[in-house]
Amino acid sequence: MTAEELLKQMSVEPFAEEMVCCVIDPETRVIDVPAEYQLLGVESDEKVERMYFQCPKIVGDNIDLSKLALRVNFRNANDQKDQYIVDDVEISGDNITFSWLLSRRVTQYKGNVSFIVCAVKASGEEITNEWNTTLATAQVLEGLEADITLPEEDTDVVKQLIAVATQKITDVQNATSSANTAASNADIKAQEAANAAEDARGVIDQITKDSYLHTTTQTFVDMVKASPTAYGNAIPEQIEGYIKQDTTKGLQLFDANRISNYSSGGVTLRNNQDGSFTISGSGELTELFSTSYSLSHEDSVKLFPAGSYQITRKNTYPAIFLQKRVNNVPTSVNSKSAVANYLEITQEDEENESYVMQFVFYGKAGSSIVPGTIKPMAWASTVAPQDADWEPYTGVQPSPNPDYPQIVHGVGDMGFFDGELVQGAYKIADGSFGYGDRRYISNANKIPCHQGDMVTLQYDGDCNGAYIHFYKQDNSFIQSKNVVGNKVSSVTPAGTGYCNITIYKADSIFVSSAKHITVTINDKYAVCVKSKGKNLLNLTGEILYSFGRETIFDNQVTIRPTTDGRSAPGVWFVLGDIKKFLGKTIYVKADAIQRSGNYNPRMLLMTIKGNTSVRTYLTYSYSKAGQVMSVKIPDDLDTNEVSDLALNMYVNDGSSQVDADAYAIFTNVYAGLSEPTNEFVPYQSNVTYIPVDYPLFEGDKIVRRNGEYKLLRKWKQEVFDGSEDEGWVQGKSNTNQFYTSQYKEKKVNADIVSNRFKHATSVEPPSIWIGNDINIYFESGYLDNNTIAGFQEWLQENPVSCVYELATPTEEPLSSEAMKALYSIMACDEETELTIVGVPSDAEIQNQFLLPRNEDGALNTTAYCTAKRNEIALEELENATAARLSALETQALQEV
């Protein structure tokens, strides 16, 4: 039996003689729609009705429709166009018969549906034959649907292509299997197997090389090029990598983690667990050396042996100094106005059991404290102050070192996590979120994942537990996975749409001092990219401050007076970090203003530090809707690290009271860097994750070349965890040396950057360096078990991550997964801003830029990206089909 016969046998049964059909007249091209098909169904019906068609097989200039690809092009009642690929053509005498299964795309809206039948044959990129009927119509009745979401790219044609190709792959398997099973005569059956594979290949060719693939992508491209919309462009020219590592000189003698939080007299001292302290409150420090503000190191003799020491200090209060107490008697110190404070510890002090070293926080008598963050630094007096920049405590040893690792940063080193954290926890019982508990920090934004993904959360600091919480796309909670410790992995359960994470400490953990967090999915990192359109005002985003009397719905903000009669109730929306607006002009407009009561609705553009307004740059009384206001932010604006630009919508009557029944409504508010047009542009943003095997380091790039994206790699990342395949060998002459020759792609005598070892070019323990091998040196006596087994055990508990240069830089296409993610960055308008998340301002690479035009010059970005994603999906389908077909053909020939 040939493949053609087998495929015919497996196809659907021929249409019954009495089947009612829409009859197509080949001369007039009119579709006669019988009464049975005048009603297509009810709104939102999904694949419950089927229309049947009959048409002469030969039409026009002896064109055989059975040799062409048939489809039904339709336009639903909302004027949305799509197509259905016919997959059940049957020859019945001189006619062909086929059917159209009606999807929700057809019945999505009530009203008239128009359709035609189209037959196409293509060769490569050229359409060789095309035959069409004229327009026919039928009706969809009104129904009731709770909520319909049909993505623009989720079309009938794409779903059908996948289904058809999947079925044809099955047909290939069956055809080849039949040939193998029946192989009693090797010569004859071998030829039959080859014929079966060849026939099946023809079927696949029809899908991938004929009209389906071509017309699908061509339809999108034509739509894109013909689009009259003036929207912008979605694809960046390149994404650069960088490499950075925080290092220390080992000068810090003060281990701040030994001091607990402290509160007294209205003043609170909070240890941020990163070497810094935050002081808050409204108390007054009146006593220098007051014991209520003195904090002790009980075993500080180990930290400060005999010698001279100095400490950083500022002329604001409270200030800090070192104090020595012997038998509870404090040692006097130098003038408190000095830049540095010196202290001598004698050998006698060191031997005295009652000796205690203290860090003393003090204030000027009669002066209130100045809230803020202080970073103490104590170092030996032999080091000049200008050579002793603040650094965290790293065991009085330069870092990175084996006990105090320092992460190697690159673009995407946080993986599928954008770094946005909030104080509080997603609860393991029901997934709900609770604010306020300072023992927890959690991510602020959803982390996308799907059923079967392996999600791993790694926290680089000390903590008591790590949690991953899984949710469905509709936000319903599924389950949580947690561990005691700082690393947790879990396979996502069925139905998962996204996950959230939580880090827990028994005492406290703060967003500002959180250590590095990495979330990987299926062992892949990701470059997190955010796009944002020209309207900077996100009404559902961060609110710096409000009186709690605002209502936000769609693009409308309603402000009502507070119950305590405030004169200017309002709400402050964050537009972004003030630094990126310096020297630029901000435009503000509202399309409609409604008000009631004796006051004026206003908008105020201001710089915010914390919750306090420090400068006002724009104010206007809205007597008229649609007025455009603008203000230029000064280039030399005095800002600090936490300054934001905010837009305040408020009401003010100029008196101390506001009418109880008063209100103001702001509609379609715009704030941006260009003048608004008459057509309102809503706030639009998108986040996507481009998966990569490891972060992009300096010289690594994602670039676009001739319309294709490539991943260029100069660096390779490895994580050594003591597994047997790493091939470690112990040095013979120096047993503190361990080396491996497994990694051949490295560049010999090149730099290597490690999280636990400094790079060296010679034996200088502890260090890591590259010769012909990768070498790790320990200081003598560091390992408890100085053998290969002991070293591997140490690696298992202390994984060593390293980044090294490749001998030959690589260039490879982006994975289809990465390509689809890249093309999902929907540009919102011609001023869409793209941000590579997690790249610091001092990385010396471009991490924020406007989007260029795509290679086709397309203006409608959404349509363009939709076309590209579908094109990639179809290419994947074609490649998978071809590979499967080749394997089956080989198998058939071998087995017979």
# chains A, B, ... in the order shown; residues from 1 in each chain; ligands from 1
$ select_by_dssp --residues "range 38-115 of chain A" --states "strand (DSSP E or B)" --output "number ranges by chain"
A: 39-42, 50-56, 58-59, 63-64, 69-75, 81-85, 90-92, 95-101, 111-115
$ closest_atom_pairs --of "range 397-501 of chain A" --to "range 694-715 of chain A" --cutoff "12 Å" --atoms "only C-alpha atoms" --output "JSON lines"
{"residue": "A:Val408", "atom": "CA", "partner": "A:Phe697", "partner_atom": "CA", "distance": 9.2}
{"residue": "A:His409", "atom": "CA", "partner": "A:Phe697", "partner_atom": "CA", "distance": 7.8}
{"residue": "A:Gly410", "atom": "CA", "partner": "A:Phe697", "partner_atom": "CA", "distance": 4.9}
{"residue": "A:Val411", "atom": "CA", "partner": "A:Leu696", "partner_atom": "CA", "distance": 4.9}
{"residue": "A:Gly412", "atom": "CA", "partner": "A:Pro695", "partner_atom": "CA", "distance": 4.9}
{"residue": "A:Asp413", "atom": "CA", "partner": "A:Pro695", "partner_atom": "CA", "distance": 5.2}
{"residue": "A:Met414", "atom": "CA", "partner": "A:Pro695", "partner_atom": "CA", "distance": 8.5}
{"residue": "A:Gly415", "atom": "CA", "partner": "A:Pro695", "partner_atom": "CA", "distance": 8.0}
{"residue": "A:Phe416", "atom": "CA", "partner": "A:Pro695", "partner_atom": "CA", "distance": 11.3}
$ atom_distance --atom1 "CA of Trp100 in chain A" --atom2 "CA of Val33 in chain A"
13.1 Å
$ residues_around --residues "Ser442 in chain A" --least-positions-apart "5" --cutoff "9 Å" --atoms "only C-alpha atoms" --output "list in words"
Glu420, Leu421, Val422, Gln423, Gly424, Ala425, Tyr426, Asn500, Ile501, Thr502, Ile503, Tyr504 and Val511 of chain A
$ residues_around --residues "range 521-525 of chain A" --least-positions-apart "3" --cutoff "12 Å" --atoms "only C-alpha atoms" --output "number ranges by chain"
A: 410-418, 447-458, 489-492, 498-499, 518, 528, 689-696, 717, 719, 817-818
$ residues_around --residues "Leu539 in chain A" --least-positions-apart "6" --cutoff "9 Å" --atoms "only C-alpha atoms" --output "list in words"
Ile552, Phe553, Asp554, Asn555, Gln556, Val557, Phe573 and Tyr683 of chain A
$ atom_distance --atom1 "CA of Leu537 in chain A" --atom2 "CA of Ala821 in chain A"
25.5 Å
$ closest_residue --among "A:Asn648, A:Thr787, A:Asn257, A:Asn538" --to "Ile559 in chain A" --atoms "only C-alpha atoms"
A:Asn648
$ select_by_dssp --residues "range 494-593 of chain A" --states "helix (DSSP H, G or I)" --output "ChimeraX atom specification"
/A:511-513,578-581
$ write_last_selection --atoms "C-alpha atoms" --output "mmCIF file, in the first residue's frame"
data_model
loop_
_atom_site.group_PDB
_atom_site.id
_atom_site.type_symbol
_atom_site.label_atom_id
_atom_site.label_comp_id
_atom_site.auth_asym_id
_atom_site.auth_seq_id
_atom_site.Cartn_x
_atom_site.Cartn_y
_atom_site.Cartn_z
ATOM 1 C CA VAL A 511 14.260 46.112 50.577
ATOM 2 C CA SER A 512 17.106 48.630 50.617
ATOM 3 C CA SER A 513 19.616 46.126 51.928
ATOM 4 C CA ILE A 578 14.227 62.935 38.333
ATOM 5 C CA LYS A 579 17.736 62.402 36.935
ATOM 6 C CA LYS A 580 16.481 61.252 33.530
ATOM 7 C CA PHE A 581 14.378 64.427 33.161
#
